[in-house]
Structures are given as structure tokens and as C-alpha cells.
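Here is the file target.tsv (TSV, C-alpha atoms).
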chain	number	residue	atom	x	y	z
A	24	MET	CA	-118.62	-61.59	20.23
A	25	ASN	CA	-115.03	-62.67	20.85
A	26	ARG	CA	-113.98	-63.78	24.30
A	27	THR	CA	-110.40	-64.20	25.45
A	28	SER	CA	-109.69	-65.82	28.80
A	29	PRO	CA	-106.39	-66.67	30.58
A	30	ALA	CA	-104.99	-69.60	31.69
A	31	ALA	CA	-106.11	-78.71	26.64
A	32	THR	CA	-106.56	-94.87	27.74
A	33	SER	CA	-103.93	-96.61	28.13
A	34	ALA	CA	-102.98	-97.30	24.54
A	35	PRO	CA	-103.34	-100.89	23.39
A	36	ALA	CA	-100.26	-102.98	24.04
A	37	PRO	CA	-98.03	-103.31	20.99
A	38	ALA	CA	-98.87	-106.31	18.82
A	39	PRO	CA	-96.40	-109.23	18.80
A	40	GLY	CA	-93.46	-108.49	16.58
A	41	ALA	CA	-93.58	-104.70	17.01
A	42	ASN	CA	-90.23	-103.09	16.39
A	43	LEU	CA	-88.15	-101.59	19.18
A	44	THR	CA	-89.01	-98.00	18.19
A	45	ALA	CA	-92.74	-98.72	18.50
A	46	LEU	CA	-92.23	-100.35	21.90
A	47	ARG	CA	-90.09	-97.46	23.09
A	48	ASP	CA	-92.63	-94.86	21.97
A	49	HIS	CA	-95.45	-96.78	23.63
A	50	ASN	CA	-93.63	-97.05	26.95
A	51	THR	CA	-92.56	-93.42	26.84
A	52	ALA	CA	-96.20	-92.40	26.34
A	53	LEU	CA	-97.27	-94.51	29.32
A	54	VAL	CA	-94.70	-92.88	31.59
A	55	LEU	CA	-95.52	-89.38	30.33
A	56	GLY	CA	-99.22	-90.04	30.94
A	57	LEU	CA	-98.57	-91.07	34.52
A	58	LEU	CA	-96.54	-87.93	35.11
A	59	ARG	CA	-99.49	-85.92	33.83
A	60	ASP	CA	-101.82	-87.74	36.22
A	61	ALA	CA	-99.47	-87.08	39.14
A	62	GLY	CA	-99.71	-83.32	38.67
A	63	PRO	CA	-97.29	-80.92	40.41
A	64	ASP	CA	-96.52	-83.46	43.15
A	65	GLY	CA	-94.92	-85.74	40.57
A	66	ALA	CA	-93.94	-89.40	40.87
A	67	SER	CA	-90.74	-91.27	41.65
A	68	ARG	CA	-89.11	-93.67	39.23
A	69	ALA	CA	-90.05	-96.56	41.52
A	70	GLU	CA	-93.69	-95.48	41.44
A	71	LEU	CA	-93.60	-95.21	37.66
A	72	ALA	CA	-92.09	-98.68	37.38
A	73	ALA	CA	-94.75	-100.15	39.67
A	74	ARG	CA	-97.59	-98.49	37.77
A	75	THR	CA	-96.39	-99.52	34.30
A	76	GLY	CA	-94.80	-102.91	35.00
A	77	LEU	CA	-91.58	-101.69	33.39
A	78	THR	CA	-88.20	-102.39	34.96
A	79	PRO	CA	-86.55	-99.60	36.99
A	80	GLN	CA	-83.76	-99.52	34.39
A	81	ALA	CA	-86.25	-98.99	31.57
A	82	VAL	CA	-88.00	-96.23	33.49
A	83	SER	CA	-84.68	-94.51	34.19
A	84	LYS	CA	-83.83	-94.46	30.47
A	85	ILE	CA	-87.28	-93.15	29.56
A	86	THR	CA	-87.26	-90.39	32.17
A	87	ALA	CA	-83.75	-89.37	31.10
A	88	ARG	CA	-85.05	-88.89	27.55
A	89	LEU	CA	-88.04	-86.93	28.82
A	90	ARG	CA	-85.79	-84.63	30.85
A	91	ALA	CA	-83.48	-84.12	27.89
A	92	ALA	CA	-86.53	-83.12	25.83
A	93	ASP	CA	-87.63	-80.70	28.61
A	94	LEU	CA	-90.90	-82.64	29.02
A	95	ALA	CA	-90.07	-83.68	32.60
A	96	ALA	CA	-88.19	-82.06	35.46
A	97	GLU	CA	-87.23	-82.84	39.04
A	98	ALA	CA	-89.82	-81.91	41.67
A	99	GLY	CA	-87.91	-82.58	44.88
A	100	ARG	CA	-87.46	-85.78	46.86
A	101	ARG	CA	-89.71	-88.15	48.77
A	102	ALA	CA	-89.05	-88.81	52.45
A	103	SER	CA	-86.56	-91.62	52.83
A	104	THR	CA	-87.82	-95.01	53.97
A	105	GLY	CA	-84.24	-96.24	54.24
A	106	GLY	CA	-81.45	-95.41	51.88
A	107	LYS	CA	-81.27	-92.49	49.50
A	108	PRO	CA	-84.49	-90.40	49.28
A	109	PRO	CA	-86.11	-91.02	45.89
A	110	THR	CA	-86.15	-88.18	43.38
A	111	VAL	CA	-89.59	-87.08	42.21
A	112	LEU	CA	-90.24	-86.14	38.60
A	113	ARG	CA	-93.05	-83.99	37.22
A	114	LEU	CA	-94.44	-83.06	33.83
A	115	VAL	CA	-93.39	-79.67	32.43
A	116	PRO	CA	-96.81	-78.41	31.24
A	117	ASP	CA	-95.64	-75.47	29.16
A	118	ALA	CA	-93.14	-77.54	27.16
A	119	ALA	CA	-95.79	-77.91	24.45
A	120	HIS	CA	-99.36	-76.91	23.62
A	121	ALA	CA	-102.33	-78.17	21.63
A	122	VAL	CA	-105.24	-76.37	19.98
A	123	GLY	CA	-108.85	-77.45	20.35
A	124	VAL	CA	-111.48	-76.30	17.83
A	125	HIS	CA	-115.24	-76.71	18.30
A	126	LEU	CA	-117.23	-76.10	15.14
A	127	ASP	CA	-120.86	-75.82	16.15
A	128	ARG	CA	-123.70	-74.99	13.79
A	129	ASP	CA	-123.76	-71.37	14.93
A	130	ALA	CA	-120.52	-70.76	16.85
A	131	LEU	CA	-116.77	-71.33	16.70
A	132	SER	CA	-114.69	-71.89	19.82
A	133	VAL	CA	-110.90	-72.24	19.76
A	134	THR	CA	-108.78	-72.97	22.82
A	135	LEU	CA	-105.07	-73.35	23.49
A	136	VAL	CA	-104.05	-75.73	26.27
A	137	ASP	CA	-100.74	-76.85	27.75
A	138	LEU	CA	-99.70	-80.46	28.33
A	139	SER	CA	-101.69	-80.67	31.57
A	140	GLY	CA	-104.82	-79.61	29.69
A	141	THR	CA	-104.87	-76.19	31.36
A	142	GLU	CA	-106.36	-73.40	29.27
A	143	THR	CA	-103.96	-70.72	28.06
A	144	ALA	CA	-106.29	-68.77	25.78
A	145	THR	CA	-109.79	-69.20	24.35
A	146	ARG	CA	-111.76	-67.34	21.69
A	147	THR	CA	-115.44	-67.73	20.82
A	148	SER	CA	-117.16	-66.12	17.84
A	149	PRO	CA	-120.35	-66.55	15.77
A	150	LEU	CA	-120.24	-69.02	12.88
A	151	ASP	CA	-122.60	-70.22	10.18
A	152	LEU	CA	-121.62	-73.82	9.45
A	153	GLY	CA	-123.69	-73.63	6.29
A	154	ALA	CA	-121.75	-70.69	4.88
A	155	GLY	CA	-119.45	-72.95	2.88
A	156	ALA	CA	-116.08	-74.58	3.35
A	157	GLU	CA	-113.93	-71.58	2.42
A	158	THR	CA	-115.73	-69.24	4.81
A	159	VAL	CA	-115.52	-71.73	7.68
A	160	LEU	CA	-111.87	-72.55	7.01
A	161	ASP	CA	-111.02	-68.85	6.89
A	162	ALA	CA	-112.68	-68.33	10.29
A	163	VAL	CA	-110.89	-71.29	11.89
A	164	THR	CA	-107.53	-70.24	10.45
A	165	ALA	CA	-107.90	-66.70	11.77
A	166	GLU	CA	-108.94	-67.74	15.29
A	167	VAL	CA	-106.24	-70.41	15.58
A	168	ALA	CA	-103.64	-67.82	14.56
A	169	ARG	CA	-104.84	-65.56	17.37
A	170	VAL	CA	-104.67	-68.17	20.15
A	171	ARG	CA	-101.42	-69.80	18.99
A	172	ALA	CA	-99.67	-66.48	19.55
A	173	ALA	CA	-99.94	-67.31	23.26
A	174	ALA	CA	-98.14	-70.65	22.86
A	175	GLY	CA	-94.60	-71.16	24.06
A	176	GLY	CA	-92.60	-74.21	23.11
A	177	THR	CA	-93.91	-76.74	20.64
A	178	LEU	CA	-97.40	-76.62	19.15
A	179	LEU	CA	-98.37	-80.25	18.69
A	180	GLY	CA	-101.43	-79.88	16.47
A	181	ALA	CA	-105.13	-79.06	16.35
A	182	GLY	CA	-108.07	-81.23	17.30
A	183	VAL	CA	-111.34	-80.34	15.58
A	184	ALA	CA	-114.74	-81.41	16.91
A	185	LEU	CA	-118.01	-80.87	15.04
A	186	PRO	CA	-121.39	-82.53	14.48
A	187	GLY	CA	-121.37	-85.86	12.64
A	188	PRO	CA	-121.59	-88.11	10.92
A	189	LEU	CA	-117.98	-88.19	9.75
A	190	ASP	CA	-115.05	-90.55	9.34
A	191	HIS	CA	-112.70	-90.02	12.27
A	192	ARG	CA	-109.89	-92.03	10.67
A	193	THR	CA	-109.68	-90.01	7.45
A	194	GLY	CA	-111.10	-86.70	8.69
A	195	VAL	CA	-113.68	-86.72	5.90
A	196	LEU	CA	-117.17	-85.41	6.66
A	197	HIS	CA	-120.37	-87.20	5.70
A	198	ARG	CA	-123.83	-85.63	5.50
A	199	VAL	CA	-123.70	-83.41	8.57
A	200	THR	CA	-127.33	-83.19	9.63
A	201	GLY	CA	-128.85	-80.09	8.07
A	202	PHE	CA	-125.71	-79.32	6.01
A	203	PRO	CA	-125.53	-81.81	3.14
A	204	GLN	CA	-123.01	-79.61	1.30
A	205	TRP	CA	-120.28	-80.92	3.65
A	206	ASP	CA	-120.73	-84.52	2.44
A	207	GLY	CA	-117.33	-85.89	1.37
A	208	PHE	CA	-115.33	-82.80	2.37
A	209	PRO	CA	-111.76	-83.68	3.52
A	210	LEU	CA	-111.74	-81.36	6.53
A	211	ARG	CA	-108.64	-82.80	8.19
A	212	ASP	CA	-106.40	-82.40	5.17
A	213	ALA	CA	-107.84	-79.02	4.20
A	214	LEU	CA	-107.24	-77.57	7.67
A	215	ALA	CA	-103.81	-79.16	8.01
A	216	GLY	CA	-102.81	-77.39	4.82
A	217	ARG	CA	-104.15	-74.07	6.08
A	218	LEU	CA	-102.69	-74.30	9.59
A	219	GLY	CA	-99.40	-76.03	8.85
A	220	LEU	CA	-100.15	-78.35	11.77
A	221	PRO	CA	-101.19	-81.99	12.24
A	222	VAL	CA	-105.00	-82.10	12.55
A	223	VAL	CA	-107.32	-84.68	14.12
A	224	VAL	CA	-111.08	-84.56	13.40
A	225	ASP	CA	-113.82	-86.24	15.41
A	226	LYS	CA	-117.48	-85.80	16.28
A	227	ASP	CA	-118.16	-83.26	18.99
A	228	THR	CA	-119.68	-85.88	21.28
A	229	ASN	CA	-116.73	-88.27	20.89
A	230	ALA	CA	-114.26	-85.49	21.63
A	231	ALA	CA	-116.27	-84.55	24.71
A	232	ALA	CA	-116.34	-88.16	25.92
A	233	LEU	CA	-112.59	-88.50	25.39
A	234	GLY	CA	-111.91	-85.34	27.35
A	235	LEU	CA	-114.14	-86.49	30.20
A	236	VAL	CA	-112.35	-89.83	30.38
A	237	LEU	CA	-108.81	-88.47	30.25
A	238	ARG	CA	-109.50	-85.73	32.80
A	239	GLY	CA	-111.01	-88.22	35.25
A	240	CYS	CA	-114.38	-86.45	35.23
A	241	ALA	CA	-116.36	-89.68	34.84
A	242	GLY	CA	-115.24	-91.08	38.19
A	243	PRO	CA	-115.02	-94.85	38.62
A	244	ALA	CA	-117.63	-95.66	35.97
A	245	GLY	CA	-116.33	-98.14	33.42
A	246	SER	CA	-118.93	-97.01	30.90
A	247	PHE	CA	-121.01	-93.90	30.43
A	248	ALA	CA	-122.99	-91.92	27.87
A	249	TYR	CA	-122.42	-88.23	27.37
A	250	LEU	CA	-125.62	-86.68	25.97
A	251	HIS	CA	-125.11	-83.33	24.26
A	252	LEU	CA	-128.10	-81.08	23.63
A	253	GLY	CA	-127.11	-77.88	21.87
A	254	THR	CA	-128.04	-76.86	18.35
A	255	GLY	CA	-128.41	-80.61	17.75
A	256	LEU	CA	-128.48	-83.78	19.82
A	257	GLY	CA	-125.87	-86.52	19.99
A	258	ALA	CA	-124.09	-88.91	22.32
A	259	GLY	CA	-120.53	-89.89	23.12
A	260	LEU	CA	-120.24	-93.48	24.32
A	261	VAL	CA	-117.57	-94.88	26.61
A	262	LEU	CA	-117.60	-98.66	26.96
A	263	GLY	CA	-115.06	-100.53	29.05
A	264	GLY	CA	-113.17	-97.29	29.65
A	265	ALA	CA	-112.70	-96.56	25.92
A	266	VAL	CA	-114.50	-94.21	23.55
A	267	HIS	CA	-116.70	-96.34	21.29
A	268	ARG	CA	-116.72	-94.98	17.75
A	269	GLY	CA	-117.87	-98.09	15.90
A	270	ALA	CA	-116.29	-99.90	12.96
A	271	ARG	CA	-117.09	-97.00	10.62
A	272	THR	CA	-116.82	-94.30	13.34
A	273	GLY	CA	-120.59	-93.86	13.15
A	274	ALA	CA	-121.54	-94.78	16.73
A	275	GLY	CA	-123.29	-92.21	18.89
A	276	GLU	CA	-125.86	-90.87	16.41
A	277	PHE	CA	-128.19	-90.76	19.39
A	278	GLY	CA	-130.30	-87.95	17.97
A	279	HIS	CA	-131.54	-90.07	15.10
A	280	GLN	CA	-133.19	-92.89	16.98
A	281	VAL	CA	-136.85	-92.79	15.95
A	282	LEU	CA	-139.27	-92.33	18.83
A	283	ARG	CA	-142.44	-91.57	16.81
A	284	LEU	CA	-143.00	-93.28	13.47
A	285	ASP	CA	-145.50	-90.61	12.41
A	286	GLY	CA	-143.54	-87.73	13.96
A	287	PRO	CA	-142.29	-84.58	12.24
A	288	PRO	CA	-139.69	-84.89	9.47
A	289	CYS	CA	-136.04	-84.69	10.48
A	290	PRO	CA	-133.30	-83.20	8.27
A	291	CYS	CA	-131.67	-86.65	8.27
A	292	GLY	CA	-134.58	-87.95	6.13
A	293	ASN	CA	-136.46	-89.91	8.80
A	294	ARG	CA	-139.52	-88.91	10.79
A	295	GLY	CA	-139.90	-88.63	14.54
A	296	CYS	CA	-136.20	-88.63	15.45
A	297	ILE	CA	-135.49	-87.72	19.05
A	298	GLU	CA	-133.41	-84.75	17.88
A	299	VAL	CA	-136.22	-83.08	15.97
A	300	LEU	CA	-138.67	-83.81	18.80
A	301	CYS	CA	-136.32	-82.34	21.40
A	302	LEU	CA	-135.53	-79.26	19.33
A	303	ASP	CA	-139.24	-78.68	18.71
A	304	ALA	CA	-139.84	-78.79	22.46
A	305	VAL	CA	-136.91	-76.44	23.06
A	306	ALA	CA	-138.34	-73.98	20.54
A	307	ARG	CA	-141.63	-74.01	22.49
A	308	GLY	CA	-139.75	-73.39	25.75
A	309	ASP	CA	-141.00	-76.71	27.16
A	310	VAL	CA	-138.05	-77.85	29.27
A	311	ALA	CA	-140.05	-80.58	30.99
A	312	GLU	CA	-141.03	-82.18	27.67
A	313	THR	CA	-137.49	-81.88	26.33
A	314	ALA	CA	-136.13	-83.55	29.47
A	315	ARG	CA	-138.75	-86.30	29.21
A	316	LEU	CA	-137.74	-87.04	25.62
A	317	LEU	CA	-134.06	-86.93	26.51
A	318	GLY	CA	-134.67	-89.26	29.43
A	319	THR	CA	-136.55	-91.70	27.21
A	320	GLY	CA	-133.62	-91.85	24.81
A	321	ALA	CA	-131.20	-92.21	27.71
A	322	ALA	CA	-133.24	-95.12	29.10
A	323	ASN	CA	-132.97	-96.84	25.72
A	324	LEU	CA	-129.19	-96.49	25.87
A	325	VAL	CA	-128.97	-97.76	29.43
A	326	ARG	CA	-131.04	-100.84	28.66
A	327	LEU	CA	-129.24	-101.52	25.39
A	328	LEU	CA	-125.65	-101.02	26.56
A	329	ASP	CA	-125.89	-101.48	30.35
A	330	ILE	CA	-123.93	-98.29	30.95
A	331	ASP	CA	-123.05	-97.05	34.45
A	332	LEU	CA	-123.58	-93.31	34.20
A	333	VAL	CA	-125.33	-90.63	32.12
A	334	LEU	CA	-123.59	-87.26	31.77
A	335	LEU	CA	-125.44	-84.27	30.33
A	336	GLY	CA	-124.07	-81.25	28.48
A	337	GLY	CA	-124.47	-78.88	25.54
A	338	GLY	CA	-125.33	-75.21	25.37
A	339	THR	CA	-129.11	-75.63	25.38
A	340	LEU	CA	-129.10	-78.05	28.29
A	341	LEU	CA	-126.66	-76.02	30.37
A	342	ARG	CA	-129.00	-73.02	30.31
A	343	ASP	CA	-131.36	-74.97	32.61
A	344	ALA	CA	-129.08	-77.72	33.82
A	345	ALA	CA	-130.80	-78.55	37.10
A	346	ALA	CA	-134.19	-79.03	35.44
A	347	TYR	CA	-132.75	-81.30	32.76
A	348	GLU	CA	-130.76	-83.33	35.25
A	349	SER	CA	-133.83	-83.83	37.45
A	350	GLY	CA	-136.11	-84.60	34.50
A	351	VAL	CA	-133.80	-87.19	32.94
A	352	ARG	CA	-133.23	-88.83	36.32
A	353	ASP	CA	-136.98	-89.07	36.91
A	354	VAL	CA	-137.56	-90.78	33.55
A	355	LEU	CA	-134.72	-93.24	34.09
A	356	GLY	CA	-136.01	-94.12	37.54
A	357	GLY	CA	-139.54	-94.61	36.25
A	358	THR	CA	-138.44	-97.00	33.51
A	359	GLY	CA	-136.38	-99.19	35.80
A	360	ALA	CA	-133.17	-98.11	34.04
A	361	ALA	CA	-131.99	-96.08	37.02
A	362	VAL	CA	-128.31	-95.08	36.87
A	363	PRO	CA	-126.60	-91.95	38.18
A	364	VAL	CA	-127.27	-88.79	36.16
A	365	ALA	CA	-125.05	-85.70	36.36
A	366	VAL	CA	-124.25	-82.54	34.42
A	367	THR	CA	-120.78	-82.52	32.88
A	368	PRO	CA	-118.34	-80.86	35.28
A	369	ALA	CA	-116.53	-79.17	32.38
A	370	GLY	CA	-119.60	-77.08	31.52
A	371	ASP	CA	-119.51	-75.22	28.22
A	372	ARG	CA	-115.86	-76.19	27.71
A	373	THR	CA	-116.61	-79.90	27.49
A	374	VAL	CA	-116.34	-80.19	23.71
A	375	VAL	CA	-113.52	-77.73	23.05
A	376	GLU	CA	-111.40	-79.25	25.84
A	377	GLY	CA	-112.09	-82.67	24.38
A	378	ALA	CA	-111.01	-81.41	20.96
A	379	ALA	CA	-107.62	-80.43	22.37
A	380	GLU	CA	-107.35	-83.84	24.03
A	381	LEU	CA	-107.70	-85.44	20.58
A	382	VAL	CA	-104.16	-84.17	20.01
A	383	LEU	CA	-102.75	-84.83	23.48
A	384	ALA	CA	-104.14	-88.36	23.80
A	385	SER	CA	-101.55	-89.93	21.52
A	386	LEU	CA	-98.70	-88.18	23.32
A	387	PHE	CA	-99.85	-89.76	26.57
A	388	GLY	CA	-100.71	-93.15	25.09
A	389	ARG	CA	-104.42	-92.76	25.69
A	390	GLU	CA	-106.29	-92.63	22.43
A	391	GLY	CA	-109.66	-93.20	24.05
A	392	ARG	CA	-108.98	-95.25	27.17
A	393	ALA	CA	-109.00	-94.28	30.82
A	394	ARG	CA	-105.85	-93.66	32.81
A	395	LEU	CA	-104.04	-96.53	34.48
A	396	THR	CA	-105.23	-97.00	38.05
A	397	HIS	CA	-103.21	-100.06	39.01
A	398	PRO	CA	-100.05	-101.86	37.91
A	399	SER	CA	-100.36	-103.49	34.53
A	400	PRO	CA	-98.02	-105.70	32.54
A	401	GLY	CA	-95.52	-103.87	30.38
A	402	THR	CA	-92.49	-104.64	28.36
A	403	SER	CA	-89.13	-104.08	30.00
A	404	ARG	CA	-87.63	-102.54	26.89
A	405	PRO	CA	-86.91	-98.84	27.26
Mind turning the file's structure into C-alpha cells?
Amino acid sequence: MNRTSPAATSAPAPAPGANLTALRDHNTALVLGLLRDAGPDGASRAELAARTGLTPQAVSKITARLRAADLAAEAGRRASTGGKPPTVLRLVPDAAHAVGVHLDRDALSVTLVDLSGTETATRTSPLDLGAGAETVLDAVTAEVARVRAAAGGTLLGAGVALPGPLDHRTGVLHRVTGFPQWDGFPLRDALAGRLGLPVVVDKDTNAAALGLVLRGCAGPAGSFAYLHLGTGLGAGLVLGGAVHRGARTGAGEFGHQVLRLDGPPCPCGNRGCIEVLCLDAVARGDVAETARLLGTGAANLVRLLDIDLVLLGGGTLLRDAAAYESGVRDVLGGTGAAVPVAVTPAGDRTVVEGAAELVLASLFGREGRARLTHPSPGTSRP
């Protein structure tokens, strides 16, 4: 059934020897990201300079370019503390939009968001991920066409999130668990050709983790695990404020840690994986057992990575969120790996919002790292 609803880290410092264009783009992204954080109240040029470490002159040049591009606008003046009252600038959210696509095993969700990440339109429809590439691409193309009709200004691109494993850098899928026919499929390039837009592809759990970081949903935690229990089971990992994908973008295959050596076979080829155990318990309607298994896996992550927070989400889990939250917390406390446990505040939009943020992150200089919360060194070049 279709649903339409109204109104998707700081980037590493440039390496020594970077050309002036690269430095300028980096600094522009930092300033634009801070304007997004400031919301409708905006920020003064002095505040932007203090937060980025850039000179006031550099900030003035950057904000002039942003205003000329209609990405920033004046938002009034601060009260004077002596001298001329400072002008406040704000982001113009509807200057551009991004599309987020969540390809689940049995459903397709597509959302259109503005530069602030606010939803403009969303559509959800049934999908069979095993129906073949052409069928899936046709469905995505049709739904993106429907939501992009609501976009004003520039459409920056589409972020696509789906179960892994896959190669985030190339947008090529590997053996998606249960769907070996996708192995080696160049999803990014195929969809870019269909949509006529830049496309970014990542695992659903990584996209969710990125969205949670960039929207400030994770609070002060420097590291957390987002555990997603839906039609499958996976994890998005944030370490030191940045999404951890691994050297081959294979990190977070949480569902395929083996808990029982003689357990039931898993579609990945192993036996006793936590995913197959959890899904078996879900099929029996045993929420307590599912939560116990999920908590055991979460405790392994906490002890292994010393993370600060466990966030829970996914369609299956959200249907009985309080019971899962309580059950996972009880297991963690009983194993001595006690850390805060909470349900994702973004609810069933966690993944699709994160997919849109895959596109917006580069614009704001935050491809996986948390927002700036204090002044940091910057180059004075504009």
C-alpha cells in the first residue's frame, strides 16, 4: 500500500598540499554544516569563525558565496554588545533536496528531504528483493519519480540503503544474505543511469547510524551500536564519532556472529548465527527469547568495542519496542556490560532518513562524523 506524507562529521582536514579549491570546498562545507545545526535561529559570522577556527575574513567570503547561491539568507540581527549589531545568517532549507531510498527484503520506502533533513514526501510500497534487478530498479525509478515531483530547487542525488554485504565505495553488492543473485551487481551505477542523478549506496545499518549521528540523536555518546531487527539483523557502528565501515566496508555484519555451533543453518552458509536464531524466535512469537539473543549479541559488542550506547530499531523490533528495550537492557546488566539502551528516536524512518543523509553528508562536510561541538583548528583560506 502506498503512503504519502507531507513535510532528509566533520570531514577530515585536507591533507598537506591540497589545492586551494579543495580547501575552499572543505571550509564552505564546514560553515554550511554549522548553519544547518543552528536551525532557524541562525548564526553570526563571528560565531561561525569561532566554531571553525577560520578568520572572520574567510567566513565573510564563504557566506557571501552561500548567499549568492541562495543556500544562506539573513535571519535578523543579534542584540548589540557594543558596536554594530551582528547580522545572523541561516540555512535556506528548500534551496535543494535529496532522495533517500530504503530497499528492504519485502518493502521499498522512498523519501524526499530538504537541506535541513525535513521530510517533504514519502512513499512506501511492497517489494520482493529477490524478484530480480530489473524489477527492483523499475520499482525504485517509479517511486523516485513520484516523490521528486515535490522537489523545488536542486535535487542533489539519491542515497540507497539496503541489506549487506556490499562495497560502499563502488556501490557494488556482494552476496546479500538470502539473495545470492545480487552478488556483483553494480547497483550504484545502474540506478544513476536510470535516475539521471548521483547515487550513493550503503548498508541499511550504516545509513541509519549516519543519520542518527548527523541529526544529533545519539546524544553525547562518542560511540554507539545501532542494532536493526527487521526482516534481517545487522548493526551500524559508530566509533569515535564516525561511522565505522571497515577497510572493505564489511563491518557491522552483526547478524552473522555464531552463537551456537550446532545451531540451525543460516542462509549465509554458517550454522547458529544470531540472525537465524532471532528470526526463528520471532516466527514463534517469542519476544523474550528474541530480546535475550539480541542482548547477548549486544553484550559481545560492548565488551569487544567498549561502546557507550546501544540503540535499537527495525520494523520487527519497533512492533514491541518496550519489551525489546527492557529485555536487552536486562541481559547487558546481567553480563556486566551495562550501558544505556534506547529505542531509536527516528522510529521506522531511521533507515530511509539515513539514506537521504548519505547524499547530504558531503554537502555539509560530514561523511560519517559528528557535528562540531567546540572550536577546532581550520585553515584561514576562504
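Here atom CA of A:His279 stands at a distance of 29.2 Å from atom CA of A:Ala162.
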TODO: Skip A:His197 itself and residues of its chain fewer than 6 positions away, then list as a PyMOL selection string all residues within 6 Å of it, counting all atoms listed in the file.
DONE: chain A and resi 188-189+206-207
Open item on the list: Could you check the closest approach to A:Leu252 for each of A:Arg171, A:Arg271, A:Arg342, A:Arg372 and tell me which residue wins, using all atoms listed in the file?
Closed with: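 The closest residue to A:Leu252 is A:Arg342.
Counting only C-alpha atoms, A:Ala248 has the following residues at most 6 Å away, ignoring those fewer than 5 positions along the same chain: A:Gly259, A:Leu260, A:Val333.
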Task: A:Val366, A:Ala184, A:Leu335, A:Leu237 ranked by distance to A:Gly388, top pick (using all atoms listed in the file) - done: A:Leu237
- [ ] Go through A:Val354, A:Ala360, A:Cys301, A:Ala231 and flag the residue nearest A:Ile330, using all atoms listed in the file for the distances.
- [x] A:Ala360
TODO: Skip A:Arg101 itself and residues of its chain fewer than 3 positions away, then list as a list in words all residues within 7 Å of it, counting only C-alpha atoms.
DONE: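 Here the answer would be Pro108, Pro109, Thr110 and Val111 of chain A.
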What would the file look like if the residues just selected were written as a PDB file, in the coordinates of the input with C-alpha atoms?
ATOM      1  CA  PRO A 108     -84.490 -90.400  49.280  1.00  0.00           C
ATOM      2  CA  PRO A 109     -86.110 -91.020  45.890  1.00  0.00           C
ATOM      3  CA  THR A 110     -86.150 -88.180  43.380  1.00  0.00           C
ATOM      4  CA  VAL A 111     -89.590 -87.080  42.210  1.00  0.00           C
TER       5      VAL A 111
END
Open item on the list: Taking all atoms listed in the file into account, name the residue in A:Leu185, A:Leu340, A:Ala73, A:Ala61 that is nearest to A:Leu302.
Closed with: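 Counting all atoms listed in the file, the residue closest to A:Leu302 is A:Leu340.
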Task: Distance criterion (all atoms listed in the file): nearest to A:Ala91 out of A:Val224, A:Glu376, A:Ala321, A:Val115 - done: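 Residue with the minimum atom-to-atom distance to A:Ala91: A:Val115.
Atom CA of A:Ile297 is positioned 14.6 Å from atom CA of A:Ala311.
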